[in-house]
$ cat run-v2.cif   # mmCIF, C-alpha atoms and all ligand atoms
data_coords
#
loop_
_atom_site.label_atom_id
_atom_site.label_comp_id
_atom_site.auth_asym_id
_atom_site.auth_seq_id
_atom_site.Cartn_x
_atom_site.Cartn_y
_atom_site.Cartn_z
CA MET A 1 68.59 -104.00 16.79
CA GLN A 2 69.79 -101.29 19.07
CA GLY A 3 68.32 -101.16 22.52
CA ASN A 4 64.76 -101.26 23.55
CA VAL A 5 63.58 -98.00 22.07
CA ARG A 6 60.57 -98.32 19.86
CA ARG A 7 58.99 -94.95 19.67
CA ASP A 8 56.97 -94.04 16.65
CA THR A 9 56.89 -97.50 15.21
CA LYS A 10 54.68 -97.97 12.18
CA PRO A 11 51.93 -99.92 13.95
CA GLU A 12 51.83 -97.23 16.60
CA LEU A 13 51.63 -94.42 14.06
CA ARG A 14 48.80 -96.17 12.24
CA LEU A 15 46.96 -96.61 15.50
CA ARG A 16 47.43 -92.96 16.43
CA ARG A 17 46.16 -91.81 13.06
CA THR A 18 43.08 -94.02 13.34
CA LEU A 19 42.22 -92.88 16.84
CA HIS A 20 42.74 -89.27 15.92
CA GLY A 21 40.45 -89.85 12.95
CA VAL A 22 37.58 -90.92 15.19
CA GLY A 23 38.01 -87.82 17.32
CA LEU A 24 39.97 -89.16 20.28
CA ARG A 25 42.68 -86.96 21.76
CA TYR A 26 45.61 -88.27 23.73
CA VAL A 27 49.17 -87.57 24.75
CA VAL A 28 52.01 -89.57 23.23
CA ASP A 29 54.84 -91.18 25.18
CA SER A 30 53.93 -89.78 28.54
CA ALA A 31 53.89 -91.08 32.11
CA PRO A 32 50.27 -91.61 33.20
CA VAL A 33 51.33 -91.39 36.84
CA PRO A 34 54.40 -89.19 37.26
CA GLU A 35 55.50 -91.01 40.40
CA LEU A 36 55.67 -94.20 38.39
CA ARG A 37 58.38 -93.62 35.87
CA TRP A 38 56.87 -95.68 33.08
CA ARG A 39 55.71 -93.94 29.98
CA ALA A 40 52.81 -95.26 28.00
CA ASP A 41 52.63 -94.96 24.23
CA LEU A 42 49.23 -93.27 24.35
CA VAL A 43 47.75 -91.61 27.40
CA PHE A 44 44.11 -90.53 27.72
CA ARG A 45 44.27 -88.35 30.80
CA GLY A 46 40.57 -87.66 31.25
CA PRO A 47 39.28 -91.22 31.22
CA ARG A 48 42.60 -92.48 32.61
CA VAL A 49 43.39 -95.02 29.96
CA ALA A 50 46.98 -95.96 29.17
CA VAL A 51 47.85 -97.79 25.97
CA PHE A 52 51.04 -99.70 25.37
CA VAL A 53 51.88 -100.96 21.90
CA ASP A 54 54.09 -103.98 22.45
CA GLY A 55 56.54 -105.14 19.83
CA CYS A 56 56.19 -108.85 19.10
CA PHE A 57 59.89 -109.53 19.47
CA TRP A 58 60.69 -107.46 22.53
CA HIS A 59 57.64 -108.49 24.47
CA GLY A 60 57.61 -112.15 23.57
CA CYS A 61 54.42 -112.34 21.53
CA PRO A 62 53.11 -115.91 21.62
CA GLU A 63 52.61 -115.84 17.85
CA HIS A 64 55.72 -114.07 16.62
CA GLY A 65 58.05 -114.01 19.59
CA THR A 66 60.69 -116.13 17.91
CA ARG A 67 64.00 -116.10 19.71
CA PRO A 68 67.19 -115.74 17.75
CA ALA A 69 69.23 -118.93 17.68
CA THR A 70 72.42 -117.10 18.61
CA ASN A 71 72.65 -115.94 22.20
CA ALA A 72 69.38 -117.69 22.92
CA THR A 73 69.94 -117.53 26.66
CA TYR A 74 70.61 -113.83 26.56
CA TRP A 75 67.49 -113.04 24.55
CA GLN A 76 65.33 -115.32 26.60
CA ALA A 77 66.42 -113.54 29.78
CA LYS A 78 65.98 -110.11 28.24
CA ILE A 79 62.53 -110.78 26.87
CA GLY A 80 61.60 -112.42 30.16
CA ARG A 81 62.57 -109.22 31.96
CA ASN A 82 60.52 -107.14 29.53
CA ARG A 83 57.48 -109.29 30.13
CA LYS A 84 57.90 -109.06 33.86
CA ARG A 85 58.15 -105.28 33.62
CA ASP A 86 55.04 -105.19 31.44
CA GLN A 87 53.13 -107.01 34.15
CA GLU A 88 54.48 -104.70 36.84
CA GLN A 89 53.45 -101.66 34.82
CA THR A 90 49.96 -102.99 34.28
CA SER A 91 49.36 -103.84 37.93
CA ALA A 92 50.87 -100.61 39.28
CA LEU A 93 48.84 -98.43 36.93
CA THR A 94 45.70 -100.44 37.58
CA ALA A 95 46.23 -99.96 41.31
CA ALA A 96 46.49 -96.21 40.66
CA GLY A 97 43.08 -96.19 39.00
CA TRP A 98 44.15 -96.43 35.39
CA LEU A 99 42.91 -98.80 32.79
CA VAL A 100 45.74 -100.38 30.86
CA ILE A 101 45.35 -101.61 27.29
CA ARG A 102 48.17 -103.57 25.74
CA VAL A 103 48.18 -103.89 21.99
CA TRP A 104 50.42 -106.27 20.05
CA GLU A 105 52.11 -104.66 17.11
CA HIS A 106 50.69 -107.44 14.93
CA GLU A 107 47.08 -106.62 15.82
CA PRO A 108 45.08 -105.14 12.95
CA THR A 109 44.93 -101.39 13.52
CA GLY A 110 41.16 -101.28 13.16
CA ASP A 111 40.63 -103.92 15.83
CA ALA A 112 42.98 -102.28 18.29
CA ALA A 113 41.50 -98.85 17.65
CA ALA A 114 37.96 -100.11 18.16
CA ARG A 115 38.96 -101.75 21.42
CA ILE A 116 40.58 -98.56 22.66
CA GLU A 117 37.79 -96.29 21.48
CA ALA A 118 35.14 -98.38 23.24
CA VAL A 119 37.01 -98.27 26.53
CA VAL A 120 37.88 -94.58 26.35
CA ARG A 121 34.30 -93.54 25.55
CA ASP A 122 32.98 -95.88 28.20
CA ARG A 123 35.22 -94.39 30.86
CA GLY A 124 33.50 -91.08 30.47
CA PRO A 125 34.00 -87.51 29.43
CA GLY A 126 37.31 -86.10 30.49
CA LEU A 127 39.42 -85.37 27.49
CA ALA A 128 37.92 -88.10 25.38
CA ARG A 129 35.76 -85.69 23.44
CA SER A 130 37.25 -84.14 20.42
CA GLN A 131 38.34 -80.56 20.78
CA ALA A 132 39.51 -80.12 17.24
ZN ZN A 201 52.88 -110.90 17.25
#

$ encode --input "run-v2.cif" --output "structure tokens"
Amino acid sequence: MQGNVRRDTKPELRLRRTLHGVGLRYVVDSAPVPELRWRADLVFRGPRVAVFVDGCFWHGCPEHGTRPATNATYWQAKIGRNRKRDQEQTSALTAAGWLVIRVWEHEPTGDAAARIEAVVRDRGPGLARSQA
């Protein structure tokens, strides 16, 4: 495990493919609000929906967030910090008028995609309509 980078993970790629397949268009790995430095995994600029795909390990998933036995204190602190940052991201973006969707990497792609699609279409036109 090297660092906290998890771009283009398999669950995320599957999700992107599924959403693209239903005609949704989005930007990948982009900051919804430039002044806030955080980048979301998927950004729907029109309807202002930001999607984060959270890795079970790094984000302390209640089902799969097992902590390694070695350096338990270290990992606990690190994952704790990640979770705190996740909450900060969500509240800051929400305050800026964005809707934040957090998806666990273990979630079935179809379920996550349906959840996202419903919200994006519900939030209105913008860029949600397919241009392809
Ligand atoms: Zn999980």

$ residues_near_ligand --input "run-v2.cif" --ligand "ligand ZN 201 (chain A)" --cutoff "12 Å" --atoms "all atoms listed in the file" --output "number ranges by chain"
A: 11, 53-66, 103-108

$ closest_residue --input "run-v2.cif" --among "A:Gly46, A:Gly97, A:Gly80, A:Gly124" --to "Val27 of chain A" --atoms "all atoms listed in the file"
A:Gly46

$ closest_residue --input "run-v2.cif" --among "A:Arg81, A:Arg123, A:Gln76, A:Glu117" --to "Arg25 of chain A" --atoms "all atoms listed in the file"
A:Glu117

$ closest_residue --input "run-v2.cif" --among "A:Gln87, A:Ser30, A:Thr73, A:Thr109" --to "Arg16 of chain A" --atoms "only C-alpha atoms"
A:Thr109

$ residues_around --input "run-v2.cif" --residues "Phe52 of chain A" --least-positions-apart "4" --cutoff "8 Å" --atoms "all atoms listed in the file" --output "tab-separated table (two decimals) with C-alpha atoms, in the frame of the given file"
chain	number	residue	atom	x	y	z
A	40	ALA	CA	52.81	-95.26	28.00
A	41	ASP	CA	52.63	-94.96	24.23
A	42	LEU	CA	49.23	-93.27	24.35
A	100	VAL	CA	45.74	-100.38	30.86
A	101	ILE	CA	45.35	-101.61	27.29
A	102	ARG	CA	48.17	-103.57	25.74
A	103	VAL	CA	48.18	-103.89	21.99
